[in-house]
Amino acid sequence: MNPNTSAEMTALVQRSAKAVAGPGTSVYAVSPEMGPASIESHYDEALSVPGLLTEIASGEVSGVDGYVIACFGDPGLDAARELARGPVVGIAEAAMRTAAYLGRGFTVVTTLSRTRGRAWDLAGRYGMRGLCLGVHACEIPVLELDSAALDVVTAACARAVEEDGADAVVLGCAGMTDWAEPISAAIGVPVVDGVQSAVLTVQALVEMGLRTGKRDEFAVPPPKRYAGVLSDFGC
């Protein structure tokens, strides 16, 4: 699930996800009809959630087994876990947990500096604050992560590894999903992409028959009426 409305990024995420999905796993990449073109602020993130939840609800009707939220801010993750029967994994959490297996510490390279605080917040939430040695920005907007930006991001990753003494790099944007391999080859350390990490995590959870616990906090939300533009979200 690409929480922004960029069709190009949705197609990129789909290619990356399909490249690692196992035999028998079907990948469907979707993006909402409403919301921001990219997510680069708390405001963008908040306004991306209604569209994301609409897609989750649609997936539930279609019988989807599990979900990946393909934005490094992991927007709407808790709400999506309430709605979905199967597991829901955000790419920031999946990438950080994957990187934690690869050494004593990792560094994150993201897009704009204004998103660094969110990455630090998530590292703390996921119990990774001690392993996250730094969060660095390449100052390239999400929708400008084209082939010409690869050299800039590679250089930022190399500097981050040197400054932080990190054993691995986490790419802090779904728009970088196909760059892990070339960047790793260039800088000589493992580079983790959250999209593929999350896809494989969801696949493993589904295969093990595991899903979000529904005993308390993540139970289906209680029915109530919603007003105005959110009236369709009521139960």
# chains A, B, ... in the order shown; residues from 1 in each chain; ligands from 1
>>> residues_around(residues="A:Gly175", least_positions_apart="2", cutoff="7 Å", atoms="only C-alpha atoms", output="MDAnalysis selection string")
chainID A and resid 9 142 145 173 177
>>> closest_atom_pairs(of="stretch 61-142 of chain A", to="stretch 31-36 of chain A", cutoff="12 Å", atoms="only C-alpha atoms", output="CSV")
residue,atom,partner,partner_atom,distance
A:Val68,CA,A:Ser31,CA,11.7
A:Ile69,CA,A:Ser31,CA,10.2
A:Ala70,CA,A:Ser31,CA,9.8
A:Cys71,CA,A:Ser31,CA,11.2
A:Val142,CA,A:Pro36,CA,11.7
>>> atom_distance(atom1="atom CA of A:Ala80", atom2="atom CA of A:Pro3")
11.7 Å
>>> closest_atom_pairs(of="stretch 107-169 of chain A", to="stretch 191-210 of chain A", cutoff="12 Å", atoms="only C-alpha atoms", output="CSV")
residue,atom,partner,partner_atom,distance
A:Thr107,CA,A:Val191,CA,9.6
A:Val108,CA,A:Val192,CA,9.5
A:Val109,CA,A:Val191,CA,10.1
A:Thr110,CA,A:Asp193,CA,11.5
A:Val153,CA,A:Val191,CA,11.8
A:Thr154,CA,A:Val191,CA,10.4
A:Cys157,CA,A:Val191,CA,8.9
A:Ala158,CA,A:Val191,CA,10.7
A:Ala160,CA,A:Val191,CA,11.9
A:Val161,CA,A:Val191,CA,10.6
A:Ala166,CA,A:Val191,CA,10.8
A:Asp167,CA,A:Val191,CA,9.3
A:Ala168,CA,A:Val191,CA,5.8
A:Val169,CA,A:Val191,CA,4.7
>>> write_last_selection(atoms="C-alpha atoms", output="PDB file, in the first residue's frame")
ATOM      1  CA  THR A 107      22.209   4.552  10.098  1.00  0.00           C
ATOM      2  CA  VAL A 108      19.163   5.885   8.257  1.00  0.00           C
ATOM      3  CA  VAL A 109      19.376   7.992   5.093  1.00  0.00           C
ATOM      4  CA  THR A 110      16.105   9.710   4.291  1.00  0.00           C
ATOM      5  CA  VAL A 153      21.880   9.345  -2.173  1.00  0.00           C
ATOM      6  CA  THR A 154      24.868   7.000  -2.518  1.00  0.00           C
ATOM      7  CA  CYS A 157      24.952   6.883   2.576  1.00  0.00           C
ATOM      8  CA  ALA A 158      28.748   6.744   2.413  1.00  0.00           C
ATOM      9  CA  ALA A 160      26.514   8.528   7.076  1.00  0.00           C
ATOM     10  CA  VAL A 161      28.408   5.248   7.483  1.00  0.00           C
ATOM     11  CA  ALA A 166      27.466   2.054  11.176  1.00  0.00           C
ATOM     12  CA  ASP A 167      27.486  -1.550   9.990  1.00  0.00           C
ATOM     13  CA  ALA A 168      24.417  -1.098   7.762  1.00  0.00           C
ATOM     14  CA  VAL A 169      22.280   1.563   6.100  1.00  0.00           C
TER      15      VAL A 169
END
>>> residues_around(residues="stretch 56-59 of chain A", least_positions_apart="5", cutoff="12 Å", atoms="only C-alpha atoms", output="MDAnalysis selection string")
chainID A and resid 1:3 27:32 49:51 64:69 76:77 79:88 220 232:235
>>> closest_residue(among="A:Leu112, A:Ala119, A:Ile91, A:Ala156", to="A:Glu139", atoms="only C-alpha atoms")
A:Leu112
>>> select_by_dssp(residues="stretch 132-197 of chain A", states="strand (DSSP E)", output="NGL selection string")
:A and (132-137 or 168-171 or 191-193)
>>> write_last_selection(atoms="N, CA, C and O atoms", output="compact mmCIF listing (two decimals), in the first residue's frame")
# COMPACT_ATOMS: atom_id res chain seq x y z
N CYS A 132 20.08 2.55 16.36
CA CYS A 132 20.06 3.58 15.32
C CYS A 132 21.10 4.63 15.67
O CYS A 132 20.93 5.42 16.61
N LEU A 133 22.17 4.67 14.92
CA LEU A 133 23.32 5.52 15.24
C LEU A 133 23.20 6.92 14.63
O LEU A 133 23.96 7.81 15.00
N GLY A 134 22.28 7.10 13.70
CA GLY A 134 22.12 8.41 13.08
C GLY A 134 21.00 8.40 12.06
O GLY A 134 20.62 7.34 11.55
N VAL A 135 20.46 9.58 11.80
CA VAL A 135 19.47 9.77 10.74
C VAL A 135 19.92 10.96 9.91
O VAL A 135 20.09 12.05 10.44
N HIS A 136 20.13 10.73 8.63
CA HIS A 136 20.68 11.74 7.74
C HIS A 136 19.74 12.02 6.57
O HIS A 136 19.03 11.11 6.11
N ALA A 137 19.74 13.24 6.10
CA ALA A 137 18.88 13.64 4.98
C ALA A 137 19.72 13.94 3.75
O ALA A 137 20.80 14.55 3.86
N ALA A 168 25.43 -0.96 8.81
CA ALA A 168 24.42 -1.10 7.76
C ALA A 168 23.70 0.23 7.58
O ALA A 168 23.73 1.11 8.45
N VAL A 169 23.06 0.37 6.42
CA VAL A 169 22.28 1.56 6.10
C VAL A 169 20.83 1.16 5.88
O VAL A 169 20.56 0.16 5.21
N VAL A 170 19.91 1.94 6.41
CA VAL A 170 18.49 1.79 6.13
C VAL A 170 18.08 2.93 5.21
O VAL A 170 18.31 4.10 5.52
N LEU A 171 17.47 2.60 4.09
CA LEU A 171 16.98 3.61 3.16
C LEU A 171 15.63 4.13 3.66
O LEU A 171 14.69 3.36 3.81
N VAL A 191 22.87 -2.58 2.71
CA VAL A 191 21.88 -1.50 2.60
C VAL A 191 20.51 -2.14 2.57
O VAL A 191 20.23 -3.02 1.75
N VAL A 192 19.63 -1.71 3.46
CA VAL A 192 18.34 -2.36 3.67
C VAL A 192 17.22 -1.50 3.10
O VAL A 192 17.10 -0.32 3.43
N ASP A 193 16.40 -2.11 2.27
CA ASP A 193 15.19 -1.49 1.74
C ASP A 193 13.99 -1.98 2.53
O ASP A 193 13.79 -3.18 2.69
>>> atom_distance(atom1="atom CA of A:Glu40", atom2="atom CA of A:Ser26")
29.5 Å
>>> select_by_dssp(residues="stretch 32-105 of chain A", states="helix (DSSP H, G or I)", output="compact mmCIF listing (two decimals) with N, CA and C atoms, in the first residue's frame")
# COMPACT_ATOMS: atom_id res chain seq x y z
N HIS A 42 4.22 16.16 8.82
CA HIS A 42 3.18 15.60 9.68
C HIS A 42 1.79 15.85 9.07
N TYR A 43 1.63 17.00 8.43
CA TYR A 43 0.36 17.34 7.79
C TYR A 43 0.05 16.35 6.67
N ASP A 44 1.06 16.10 5.80
CA ASP A 44 0.89 15.11 4.72
C ASP A 44 0.52 13.75 5.29
N GLU A 45 1.24 13.37 6.35
CA GLU A 45 1.02 12.04 6.92
C GLU A 45 -0.40 11.90 7.45
N ALA A 46 -0.87 12.93 8.18
CA ALA A 46 -2.22 12.87 8.74
C ALA A 46 -3.27 12.76 7.64
N LEU A 47 -3.10 13.52 6.56
CA LEU A 47 -4.10 13.52 5.50
C LEU A 47 -3.99 12.30 4.58
N SER A 48 -2.93 11.53 4.72
CA SER A 48 -2.81 10.29 3.93
C SER A 48 -3.59 9.14 4.56
N VAL A 49 -3.89 9.24 5.86
CA VAL A 49 -4.44 8.10 6.57
C VAL A 49 -5.86 7.74 6.14
N PRO A 50 -6.81 8.68 5.95
CA PRO A 50 -8.14 8.26 5.51
C PRO A 50 -8.13 7.47 4.21
N GLY A 51 -7.34 7.89 3.23
CA GLY A 51 -7.25 7.15 1.98
C GLY A 51 -6.64 5.78 2.18
N LEU A 52 -5.62 5.70 3.02
CA LEU A 52 -4.99 4.42 3.31
C LEU A 52 -5.99 3.46 3.96
N LEU A 53 -6.78 3.97 4.91
CA LEU A 53 -7.74 3.10 5.60
C LEU A 53 -8.86 2.66 4.66
N THR A 54 -9.20 3.51 3.70
CA THR A 54 -10.18 3.10 2.69
C THR A 54 -9.67 1.91 1.90
N GLU A 55 -8.39 1.93 1.55
CA GLU A 55 -7.80 0.81 0.81
C GLU A 55 -7.72 -0.44 1.68
N ILE A 56 -7.43 -0.27 2.97
CA ILE A 56 -7.43 -1.42 3.88
C ILE A 56 -8.81 -2.05 3.93
N ALA A 57 -9.83 -1.21 4.06
CA ALA A 57 -11.21 -1.73 4.11
C ALA A 57 -11.56 -2.48 2.84
N SER A 58 -11.11 -1.96 1.70
CA SER A 58 -11.35 -2.63 0.43
C SER A 58 -10.62 -3.96 0.37
N GLY A 59 -9.40 -3.99 0.86
CA GLY A 59 -8.64 -5.24 0.89
C GLY A 59 -9.30 -6.29 1.76
N GLU A 60 -9.90 -5.85 2.86
CA GLU A 60 -10.59 -6.80 3.73
C GLU A 60 -11.77 -7.44 3.02
N VAL A 61 -12.50 -6.66 2.24
CA VAL A 61 -13.62 -7.19 1.47
C VAL A 61 -13.12 -8.20 0.43
N SER A 62 -11.94 -7.92 -0.13
CA SER A 62 -11.38 -8.78 -1.18
C SER A 62 -10.66 -10.01 -0.63
N LEU A 77 -0.46 3.10 10.86
CA LEU A 77 -0.15 1.70 11.14
C LEU A 77 -1.07 1.11 12.21
N ASP A 78 -1.25 1.81 13.31
CA ASP A 78 -2.07 1.27 14.38
C ASP A 78 -3.53 1.14 13.95
N ALA A 79 -4.05 2.17 13.26
CA ALA A 79 -5.44 2.11 12.79
C ALA A 79 -5.63 0.98 11.79
N ALA A 80 -4.65 0.79 10.91
CA ALA A 80 -4.74 -0.29 9.93
C ALA A 80 -4.75 -1.65 10.61
N ARG A 81 -3.98 -1.77 11.70
CA ARG A 81 -3.96 -3.05 12.43
C ARG A 81 -5.30 -3.33 13.11
N GLU A 82 -6.03 -2.27 13.45
CA GLU A 82 -7.37 -2.47 14.00
C GLU A 82 -8.33 -3.01 12.95
N LEU A 83 -8.21 -2.52 11.72
CA LEU A 83 -9.15 -2.89 10.66
C LEU A 83 -8.86 -4.25 10.05
N ILE A 91 7.13 -0.11 6.55
CA ILE A 91 8.48 -0.35 6.01
C ILE A 91 9.58 0.17 6.93
N ALA A 92 9.31 1.18 7.74
CA ALA A 92 10.34 1.65 8.67
C ALA A 92 10.64 0.59 9.72
N GLU A 93 9.58 0.04 10.30
CA GLU A 93 9.78 -0.99 11.31
C GLU A 93 10.49 -2.21 10.72
N ALA A 94 10.04 -2.64 9.55
CA ALA A 94 10.65 -3.83 8.93
C ALA A 94 12.11 -3.59 8.60
N ALA A 95 12.43 -2.41 8.07
CA ALA A 95 13.81 -2.12 7.69
C ALA A 95 14.72 -2.04 8.91
N MET A 96 14.24 -1.37 9.96
CA MET A 96 15.07 -1.25 11.16
C MET A 96 15.30 -2.60 11.82
N ARG A 97 14.27 -3.42 11.89
CA ARG A 97 14.44 -4.74 12.50
C ARG A 97 15.37 -5.61 11.65
N THR A 98 15.27 -5.50 10.34
CA THR A 98 16.18 -6.26 9.47
C THR A 98 17.63 -5.80 9.66
N ALA A 99 17.84 -4.49 9.69
CA ALA A 99 19.19 -3.95 9.85
C ALA A 99 19.80 -4.34 11.18
N ALA A 100 18.95 -4.53 12.19
CA ALA A 100 19.45 -4.90 13.52
C ALA A 100 20.13 -6.27 13.53
>>> atom_distance(atom1="atom CA of A:Leu122", atom2="atom CA of A:Ala11")
25.9 Å
